[in-house]
Amino acid sequence: SYLGEYVPKSDSRLKWISGFSGSAGEMLILRDSTILFVDSRYTIQAIKETKNTNINVVLSSEESVINYIENNSKKFKNIAYDPWLHSLSKIKHLSNIGTENNIKFIALKDNPIDLIWNSNRENKPKSKIKIHIKKYAGISASDKIKKLCLNLQLLNADTYIITQPDAIAWLLNIRGSDLEHTPIILTRAIIFKNQKIYLFINKSRINKKIKDYFNKEITNIKIYPEDKILDALNKIAKTKNKILINPHTTSYSLANEILKISTNMINPESVES
């Protein structure tokens, strides 16, 4: 749901349903067939790992899932998707295709795989936050936050939704071990132009050392459970705040929570740098 290439074992839905263990792929499950779209890194691997499953492996550079839907639009009437796993920009693109070809794209409340994957599933990551000290980070978190907020003011934005865990790791100078090969914490944040930050993560993952670090380095930070971000966005959207997002890295679920209420959403590519 963080739209990254690498996911924790608890979210490895593609691997569970298909056997394919690569880090990137998309699957289109039809009533009479299943298609797995992978890039050139994984073509041979995907064919081997899905052997005897009747899954058709397609090289995405030759035909992406979006191209396939366009090229076979007459076959489709309704296509369901998990709105947490697709970006706002992608769903907008698909919706335009749907309008042109009389296809309805349906956002599901529950992921169908989650409804049947109810055994032998790993728990969600619970690694503790660690400090990435300034000696290695180069710039303090407070200085990064100040610079980011200056950029928000230049963009006439009051609030910025940060949905990429690696961006939060960089901004706050924190690390973790939620993923096997990437030292990050899976979390989201909301930052306001006055440097106030909401961080969405289970409080049990923050020890006293991290609390002291936040109080000293970031000062105006509030911690909320990770599942409360929709509530927070709902409240912010009801204000007149201009809300900045990156449409390519923000899930449709998060963006739509704002769009249901507010028209004050702006979406240039990124302001973290």
# chains A, B, ... in the order shown; residues from 1 in each chain; ligands from 1
call {"tool": "residues_around", "arguments": {"residues": "region 143-156 of chain A", "least_positions_apart": "2", "cutoff": "12 Å", "atoms": "only C-alpha atoms", "output": "PyMOL selection string"}}
result
chain A and resi 134+137-141+158-162+167-173+190-197+217-221+241-245+264-273
call {"tool": "residues_around", "arguments": {"residues": "region 81-83 of chain A", "least_positions_apart": "6", "cutoff": "9 Å", "atoms": "only C-alpha atoms", "output": "VMD selection string"}}
result
chain A and resid 1 91 105 to 112 251 to 254
call {"tool": "write_last_selection", "arguments": {"atoms": "N, CA and C atoms", "output": "PDB file, in the first residue's frame"}}
result
ATOM      1  N   SER A   1       0.815  -1.216   0.000  1.00  0.00           N
ATOM      2  CA  SER A   1       0.000   0.000   0.000  1.00  0.00           C
ATOM      3  C   SER A   1       0.851   1.270   0.000  1.00  0.00           C
ATOM      4  N   ILE A  91      -4.970   5.600 -11.763  1.00  0.00           N
ATOM      5  CA  ILE A  91      -6.428   5.418 -11.775  1.00  0.00           C
ATOM      6  C   ILE A  91      -7.097   6.465 -12.659  1.00  0.00           C
ATOM      7  N   PHE A 105     -14.413   1.010 -13.862  1.00  0.00           N
ATOM      8  CA  PHE A 105     -13.373   0.597 -12.921  1.00  0.00           C
ATOM      9  C   PHE A 105     -13.926   0.749 -11.505  1.00  0.00           C
ATOM     10  N   ILE A 106     -13.892  -0.334 -10.747  1.00  0.00           N
ATOM     11  CA  ILE A 106     -14.544  -0.383  -9.440  1.00  0.00           C
ATOM     12  C   ILE A 106     -13.503  -0.493  -8.329  1.00  0.00           C
ATOM     13  N   ALA A 107     -13.485   0.489  -7.439  1.00  0.00           N
ATOM     14  CA  ALA A 107     -12.577   0.462  -6.279  1.00  0.00           C
ATOM     15  C   ALA A 107     -13.175  -0.437  -5.206  1.00  0.00           C
ATOM     16  N   LEU A 108     -12.432  -1.455  -4.807  1.00  0.00           N
ATOM     17  CA  LEU A 108     -12.916  -2.414  -3.822  1.00  0.00           C
ATOM     18  C   LEU A 108     -12.589  -1.961  -2.404  1.00  0.00           C
ATOM     19  N   LYS A 109     -13.473  -2.254  -1.482  1.00  0.00           N
ATOM     20  CA  LYS A 109     -13.217  -1.958  -0.076  1.00  0.00           C
ATOM     21  C   LYS A 109     -12.198  -2.935   0.499  1.00  0.00           C
ATOM     22  N   ASP A 110     -12.305  -4.195   0.108  1.00  0.00           N
ATOM     23  CA  ASP A 110     -11.395  -5.232   0.596  1.00  0.00           C
ATOM     24  C   ASP A 110     -10.673  -5.883  -0.575  1.00  0.00           C
ATOM     25  N   ASN A 111      -9.388  -6.126  -0.408  1.00  0.00           N
ATOM     26  CA  ASN A 111      -8.630  -6.828  -1.429  1.00  0.00           C
ATOM     27  C   ASN A 111      -9.068  -8.296  -1.447  1.00  0.00           C
ATOM     28  N   PRO A 112      -9.452  -8.833  -2.590  1.00  0.00           N
ATOM     29  CA  PRO A 112      -9.924 -10.224  -2.651  1.00  0.00           C
ATOM     30  C   PRO A 112      -8.908 -11.246  -2.162  1.00  0.00           C
ATOM     31  N   SER A 251      -1.470   6.862  -3.211  1.00  0.00           N
ATOM     32  CA  SER A 251      -2.501   5.896  -3.589  1.00  0.00           C
ATOM     33  C   SER A 251      -3.830   6.597  -3.840  1.00  0.00           C
ATOM     34  N   TYR A 252      -4.643   5.976  -4.668  1.00  0.00           N
ATOM     35  CA  TYR A 252      -5.951   6.544  -4.972  1.00  0.00           C
ATOM     36  C   TYR A 252      -6.793   6.677  -3.708  1.00  0.00           C
ATOM     37  N   SER A 253      -6.656   5.735  -2.774  1.00  0.00           N
ATOM     38  CA  SER A 253      -7.428   5.799  -1.529  1.00  0.00           C
ATOM     39  C   SER A 253      -7.159   7.095  -0.775  1.00  0.00           C
ATOM     40  N   LEU A 254      -5.888   7.448  -0.646  1.00  0.00           N
ATOM     41  CA  LEU A 254      -5.529   8.663   0.084  1.00  0.00           C
ATOM     42  C   LEU A 254      -5.979   9.913  -0.667  1.00  0.00           C
TER      43      LEU A 254
END
call {"tool": "residues_around", "arguments": {"residues": "region 31-38 of chain A", "least_positions_apart": "6", "cutoff": "10 Å", "atoms": "only C-alpha atoms", "output": "short mmCIF file (atom, residue, chain, number, x, y, z; two decimals) with N, CA, C and O atoms, in the first residue's frame"}}
result
data_model
loop_
_atom_site.label_atom_id
_atom_site.label_comp_id
_atom_site.auth_asym_id
_atom_site.auth_seq_id
_atom_site.Cartn_x
_atom_site.Cartn_y
_atom_site.Cartn_z
N LEU A 14 1.25 -10.81 -4.64
CA LEU A 14 1.54 -11.34 -5.97
C LEU A 14 2.27 -12.67 -5.87
O LEU A 14 1.97 -13.62 -6.60
N SER A 18 0.58 -16.22 -7.16
CA SER A 18 1.14 -16.70 -8.43
C SER A 18 2.39 -17.57 -8.29
O SER A 18 2.70 -18.35 -9.19
N PHE A 20 5.30 -16.13 -8.25
CA PHE A 20 6.35 -15.25 -8.77
C PHE A 20 6.92 -14.41 -7.64
O PHE A 20 6.20 -13.70 -6.94
N GLY A 22 9.57 -12.08 -7.91
CA GLY A 22 10.28 -10.86 -8.29
C GLY A 22 9.71 -9.64 -7.59
O GLY A 22 8.61 -9.68 -7.03
N SER A 23 10.47 -8.56 -7.63
CA SER A 23 10.08 -7.35 -6.89
C SER A 23 9.09 -6.47 -7.65
O SER A 23 8.53 -5.53 -7.06
N ALA A 24 8.87 -6.74 -8.93
CA ALA A 24 7.97 -5.89 -9.71
C ALA A 24 7.13 -6.73 -10.66
O ALA A 24 7.66 -7.57 -11.39
N GLY A 25 5.85 -6.49 -10.64
CA GLY A 25 4.95 -7.21 -11.53
C GLY A 25 3.51 -6.79 -11.27
O GLY A 25 3.18 -6.28 -10.21
N ILE A 44 12.39 -14.60 -17.60
CA ILE A 44 12.72 -16.02 -17.46
C ILE A 44 12.28 -16.54 -16.09
O ILE A 44 11.68 -17.61 -15.97
N GLN A 45 12.56 -15.75 -15.05
CA GLN A 45 12.19 -16.14 -13.69
C GLN A 45 10.68 -16.33 -13.56
O GLN A 45 10.20 -17.31 -12.97
N ALA A 46 9.91 -15.40 -14.12
CA ALA A 46 8.45 -15.47 -14.01
C ALA A 46 7.90 -16.71 -14.71
O ALA A 46 7.00 -17.38 -14.20
N ILE A 47 8.47 -17.03 -15.87
CA ILE A 47 8.01 -18.23 -16.60
C ILE A 47 8.30 -19.49 -15.80
O ILE A 47 7.47 -20.39 -15.70
N THR A 50 6.03 -19.69 -12.53
CA THR A 50 4.59 -19.88 -12.75
C THR A 50 4.30 -21.11 -13.62
O THR A 50 3.19 -21.28 -14.11
N THR A 53 0.89 -23.38 -14.00
CA THR A 53 -0.20 -22.64 -13.34
C THR A 53 -1.20 -22.06 -14.34
O THR A 53 -2.22 -21.51 -13.94
N ASN A 54 -0.88 -22.15 -15.63
CA ASN A 54 -1.70 -21.55 -16.70
C ASN A 54 -1.69 -20.02 -16.66
O ASN A 54 -2.56 -19.38 -17.26
N ILE A 55 -0.70 -19.47 -15.97
CA ILE A 55 -0.54 -18.01 -15.98
C ILE A 55 0.27 -17.62 -17.22
O ILE A 55 1.33 -18.19 -17.49
N ASN A 56 -0.24 -16.67 -17.96
CA ASN A 56 0.44 -16.19 -19.16
C ASN A 56 1.35 -15.02 -18.79
O ASN A 56 0.88 -14.00 -18.28
N VAL A 57 2.66 -15.17 -19.00
CA VAL A 57 3.63 -14.12 -18.66
C VAL A 57 3.84 -13.22 -19.88
O VAL A 57 4.13 -13.69 -20.98
N VAL A 58 3.71 -11.91 -19.64
CA VAL A 58 3.86 -10.91 -20.72
C VAL A 58 4.92 -9.91 -20.32
O VAL A 58 4.95 -9.43 -19.18
N LEU A 59 5.81 -9.58 -21.26
CA LEU A 59 6.84 -8.56 -21.03
C LEU A 59 6.18 -7.19 -21.10
O LEU A 59 5.63 -6.80 -22.13
N SER A 60 6.22 -6.44 -20.00
CA SER A 60 5.48 -5.18 -19.91
C SER A 60 5.97 -4.12 -20.89
O SER A 60 5.22 -3.21 -21.25
N SER A 61 7.24 -4.21 -21.33
CA SER A 61 7.73 -3.25 -22.31
C SER A 61 7.11 -3.46 -23.68
O SER A 61 7.07 -2.56 -24.52
N GLU A 62 6.62 -4.67 -23.91
CA GLU A 62 5.94 -4.97 -25.17
C GLU A 62 4.44 -4.69 -25.08
O GLU A 62 3.83 -4.22 -26.05
N GLU A 63 3.87 -4.99 -23.91
CA GLU A 63 2.45 -4.68 -23.69
C GLU A 63 2.21 -4.59 -22.18
O GLU A 63 2.30 -5.58 -21.47
N SER A 64 1.94 -3.39 -21.72
CA SER A 64 1.67 -3.19 -20.30
C SER A 64 0.23 -3.59 -20.00
O SER A 64 -0.58 -3.81 -20.91
N VAL A 65 -0.09 -3.65 -18.72
CA VAL A 65 -1.47 -4.00 -18.35
C VAL A 65 -2.45 -2.95 -18.89
O VAL A 65 -3.56 -3.29 -19.33
N TYR A 68 -2.86 -3.57 -22.56
CA TYR A 68 -3.68 -4.77 -22.76
C TYR A 68 -5.17 -4.44 -22.62
O TYR A 68 -5.99 -4.89 -23.43
#
call {"tool": "select_by_dssp", "arguments": {"residues": "region 39-270 of chain A", "states": "strand (DSSP E or B)", "output": "PyMOL selection string"}}
result
chain A and resi 55-59+78-81+87+104-107+130-131+159-162+174-175+188-192+197-200+221-224+243-244+251+265-266
call {"tool": "write_last_selection", "arguments": {"atoms": "N, CA and C atoms", "output": "CSV table (one decimal), in the first residue's frame"}}
result
chain,number,residue,atom,x,y,z
A,55,ILE,N,-0.7,-19.5,-16.0
A,55,ILE,CA,-0.5,-18.0,-16.0
A,55,ILE,C,0.3,-17.6,-17.2
A,56,ASN,N,-0.2,-16.7,-18.0
A,56,ASN,CA,0.4,-16.2,-19.2
A,56,ASN,C,1.3,-15.0,-18.8
A,57,VAL,N,2.7,-15.2,-19.0
A,57,VAL,CA,3.6,-14.1,-18.7
A,57,VAL,C,3.8,-13.2,-19.9
A,58,VAL,N,3.7,-11.9,-19.6
A,58,VAL,CA,3.9,-10.9,-20.7
A,58,VAL,C,4.9,-9.9,-20.3
A,59,LEU,N,5.8,-9.6,-21.3
A,59,LEU,CA,6.8,-8.6,-21.0
A,59,LEU,C,6.2,-7.2,-21.1
A,78,ASN,N,-16.6,-4.5,-16.5
A,78,ASN,CA,-16.2,-4.1,-15.1
A,78,ASN,C,-14.9,-4.6,-14.8
A,79,ILE,N,-14.0,-3.7,-14.3
A,79,ILE,CA,-12.7,-4.1,-13.8
A,79,ILE,C,-12.5,-3.6,-12.4
A,80,ALA,N,-12.3,-4.5,-11.4
A,80,ALA,CA,-12.1,-4.1,-10.0
A,80,ALA,C,-10.6,-3.9,-9.7
A,81,TYR,N,-10.4,-3.1,-8.7
A,81,TYR,CA,-9.0,-2.9,-8.3
A,81,TYR,C,-9.0,-2.5,-6.8
A,87,SER,N,-1.8,4.3,-7.9
A,87,SER,CA,-1.6,5.7,-7.6
A,87,SER,C,-2.8,6.5,-8.2
A,104,LYS,N,-16.2,0.1,-16.7
A,104,LYS,CA,-16.3,0.7,-15.4
A,104,LYS,C,-15.2,0.1,-14.5
A,105,PHE,N,-14.4,1.0,-13.9
A,105,PHE,CA,-13.4,0.6,-12.9
A,105,PHE,C,-13.9,0.7,-11.5
A,106,ILE,N,-13.9,-0.3,-10.7
A,106,ILE,CA,-14.5,-0.4,-9.4
A,106,ILE,C,-13.5,-0.5,-8.3
A,107,ALA,N,-13.5,0.5,-7.4
A,107,ALA,CA,-12.6,0.5,-6.3
A,107,ALA,C,-13.2,-0.4,-5.2
A,130,LYS,N,15.2,3.8,14.2
A,130,LYS,CA,16.6,4.1,14.6
A,130,LYS,C,17.0,5.5,14.1
A,131,ILE,N,17.9,6.1,14.8
A,131,ILE,CA,18.3,7.5,14.3
A,131,ILE,C,19.5,7.3,13.3
A,159,THR,N,-0.1,22.3,3.1
A,159,THR,CA,0.1,20.9,3.7
A,159,THR,C,0.6,20.0,2.6
A,160,TYR,N,1.5,19.1,3.0
A,160,TYR,CA,2.1,18.1,2.0
A,160,TYR,C,1.9,16.7,2.6
A,161,ILE,N,1.4,15.8,1.8
A,161,ILE,CA,1.2,14.4,2.2
A,161,ILE,C,2.4,13.7,1.7
A,162,ILE,N,3.2,13.1,2.6
A,162,ILE,CA,4.4,12.3,2.2
A,162,ILE,C,4.1,10.8,2.3
A,174,ILE,N,15.8,9.1,9.9
A,174,ILE,CA,15.5,7.9,10.7
A,174,ILE,C,15.6,6.7,9.7
A,175,ARG,N,15.8,5.5,10.3
A,175,ARG,CA,16.0,4.3,9.6
A,175,ARG,C,15.2,3.2,10.3
A,188,ARG,N,3.8,6.9,6.9
A,188,ARG,CA,3.4,8.0,6.1
A,188,ARG,C,3.5,9.2,7.0
A,189,ALA,N,3.5,10.4,6.4
A,189,ALA,CA,3.5,11.6,7.2
A,189,ALA,C,2.8,12.8,6.5
A,190,ILE,N,2.4,13.7,7.3
A,190,ILE,CA,1.8,14.9,6.8
A,190,ILE,C,2.6,16.1,7.4
A,191,ILE,N,3.0,17.0,6.5
A,191,ILE,CA,3.8,18.1,7.1
A,191,ILE,C,3.1,19.4,6.7
A,192,PHE,N,3.0,20.4,7.6
A,192,PHE,CA,2.4,21.6,7.4
A,192,PHE,C,3.4,22.7,7.2
A,197,ILE,N,4.4,18.4,12.0
A,197,ILE,CA,4.4,17.1,11.3
A,197,ILE,C,3.5,16.1,12.0
A,198,TYR,N,2.7,15.3,11.3
A,198,TYR,CA,2.0,14.2,11.7
A,198,TYR,C,2.7,13.0,11.2
A,199,LEU,N,3.0,12.0,12.1
A,199,LEU,CA,3.7,10.8,11.6
A,199,LEU,C,2.8,9.6,12.0
A,200,PHE,N,2.5,8.8,11.0
A,200,PHE,CA,1.5,7.7,11.2
A,200,PHE,C,2.2,6.4,11.4
A,221,ILE,N,6.0,17.6,16.5
A,221,ILE,CA,5.6,16.3,15.8
A,221,ILE,C,4.5,15.6,16.7
A,222,LYS,N,3.5,15.1,16.0
A,222,LYS,CA,2.5,14.3,16.7
A,222,LYS,C,2.5,12.9,16.0
A,223,ILE,N,2.3,11.9,16.9
A,223,ILE,CA,2.3,10.5,16.4
A,223,ILE,C,0.9,10.0,16.4
A,224,TYR,N,0.4,9.4,15.3
A,224,TYR,CA,-0.9,8.8,15.2
A,224,TYR,C,-0.8,7.3,14.7
A,243,ILE,N,-3.6,21.5,-0.3
A,243,ILE,CA,-2.9,20.2,0.0
A,243,ILE,C,-2.1,19.7,-1.2
A,244,LEU,N,-0.8,19.6,-1.0
A,244,LEU,CA,0.1,19.1,-2.0
A,244,LEU,C,0.3,17.6,-2.0
A,251,SER,N,-1.5,6.9,-3.2
A,251,SER,CA,-2.5,5.9,-3.6
A,251,SER,C,-3.8,6.6,-3.8
A,265,MET,N,-6.5,20.7,-3.9
A,265,MET,CA,-5.4,19.7,-4.0
A,265,MET,C,-4.5,20.1,-5.2
A,266,ILE,N,-3.2,20.2,-4.9
A,266,ILE,CA,-2.3,20.5,-6.0
A,266,ILE,C,-1.3,19.4,-6.1
call {"tool": "residues_around", "arguments": {"residues": "Glu70 (chain A)", "least_positions_apart": "5", "cutoff": "12 Å", "atoms": "only C-alpha atoms", "output": "NGL selection string"}}
result
:A and (63-65 or 75-76 or 93-103)
call {"tool": "write_last_selection", "arguments": {"atoms": "N, CA, C and O atoms", "output": "JSON list (two decimals), in the first residue's frame"}}
result
[["chain", "number", "residue", "atom", "x", "y", "z"],
["A", 63, "GLU", "N", 3.87, -4.99, -23.91],
["A", 63, "GLU", "CA", 2.45, -4.68, -23.69],
["A", 63, "GLU", "C", 2.21, -4.59, -22.18],
["A", 63, "GLU", "O", 2.30, -5.58, -21.47],
["A", 64, "SER", "N", 1.94, -3.39, -21.72],
["A", 64, "SER", "CA", 1.67, -3.19, -20.30],
["A", 64, "SER", "C", 0.23, -3.59, -20.00],
["A", 64, "SER", "O", -0.58, -3.81, -20.91],
["A", 65, "VAL", "N", -0.09, -3.65, -18.72],
["A", 65, "VAL", "CA", -1.47, -4.00, -18.35],
["A", 65, "VAL", "C", -2.45, -2.95, -18.89],
["A", 65, "VAL", "O", -3.56, -3.29, -19.33],
["A", 75, "LYS", "N", -13.61, -6.74, -24.48],
["A", 75, "LYS", "CA", -13.79, -7.90, -23.60],
["A", 75, "LYS", "C", -14.27, -7.50, -22.20],
["A", 75, "LYS", "O", -14.77, -8.34, -21.45],
["A", 76, "PHE", "N", -14.09, -6.23, -21.87],
["A", 76, "PHE", "CA", -14.31, -5.81, -20.49],
["A", 76, "PHE", "C", -15.54, -4.93, -20.32],
["A", 76, "PHE", "O", -15.84, -4.08, -21.15],
["A", 93, "HIS", "N", -5.77, 7.71, -15.35],
["A", 93, "HIS", "CA", -5.51, 7.22, -16.70],
["A", 93, "HIS", "C", -6.49, 6.09, -17.06],
["A", 93, "HIS", "O", -7.09, 6.08, -18.13],
["A", 94, "LEU", "N", -6.63, 5.15, -16.14],
["A", 94, "LEU", "CA", -7.55, 4.04, -16.38],
["A", 94, "LEU", "C", -9.00, 4.52, -16.52],
["A", 94, "LEU", "O", -9.77, 4.00, -17.34],
["A", 95, "SER", "N", -9.36, 5.50, -15.71],
["A", 95, "SER", "CA", -10.73, 6.03, -15.78],
["A", 95, "SER", "C", -11.00, 6.67, -17.13],
["A", 95, "SER", "O", -12.10, 6.55, -17.68],
["A", 96, "ASN", "N", -9.99, 7.35, -17.67],
["A", 96, "ASN", "CA", -10.15, 7.94, -19.01],
["A", 96, "ASN", "C", -10.33, 6.86, -20.06],
["A", 96, "ASN", "O", -11.15, 6.99, -20.98],
["A", 97, "ILE", "N", -9.56, 5.77, -19.92],
["A", 97, "ILE", "CA", -9.72, 4.64, -20.83],
["A", 97, "ILE", "C", -11.13, 4.05, -20.69],
["A", 97, "ILE", "O", -11.78, 3.70, -21.67],
["A", 98, "GLY", "N", -11.58, 3.96, -19.44],
["A", 98, "GLY", "CA", -12.91, 3.44, -19.19],
["A", 98, "GLY", "C", -14.00, 4.28, -19.83],
["A", 98, "GLY", "O", -14.96, 3.74, -20.41],
["A", 99, "THR", "N", -13.85, 5.59, -19.73],
["A", 99, "THR", "CA", -14.84, 6.50, -20.32],
["A", 99, "THR", "C", -14.89, 6.33, -21.84],
["A", 99, "THR", "O", -15.97, 6.32, -22.45],
["A", 100, "GLU", "N", -13.71, 6.19, -22.44],
["A", 100, "GLU", "CA", -13.63, 6.06, -23.89],
["A", 100, "GLU", "C", -14.15, 4.71, -24.39],
["A", 100, "GLU", "O", -14.60, 4.60, -25.53],
["A", 101, "ASN", "N", -14.05, 3.69, -23.54],
["A", 101, "ASN", "CA", -14.38, 2.33, -23.99],
["A", 101, "ASN", "C", -15.55, 1.68, -23.23],
["A", 101, "ASN", "O", -15.77, 0.48, -23.34],
["A", 102, "ASN", "N", -16.26, 2.50, -22.47],
["A", 102, "ASN", "CA", -17.43, 2.01, -21.73],
["A", 102, "ASN", "C", -17.06, 0.88, -20.75],
["A", 102, "ASN", "O", -17.76, -0.13, -20.65],
["A", 103, "ILE", "N", -15.94, 1.08, -20.05],
["A", 103, "ILE", "CA", -15.50, 0.13, -19.01],
["A", 103, "ILE", "C", -15.61, 0.83, -17.66],
["A", 103, "ILE", "O", -15.17, 1.96, -17.50]]
call {"tool": "select_by_dssp", "arguments": {"residues": "region 10-249 of chain A", "states": "helix (DSSP H, G or I)", "output": "count of residues only"}}
result
96
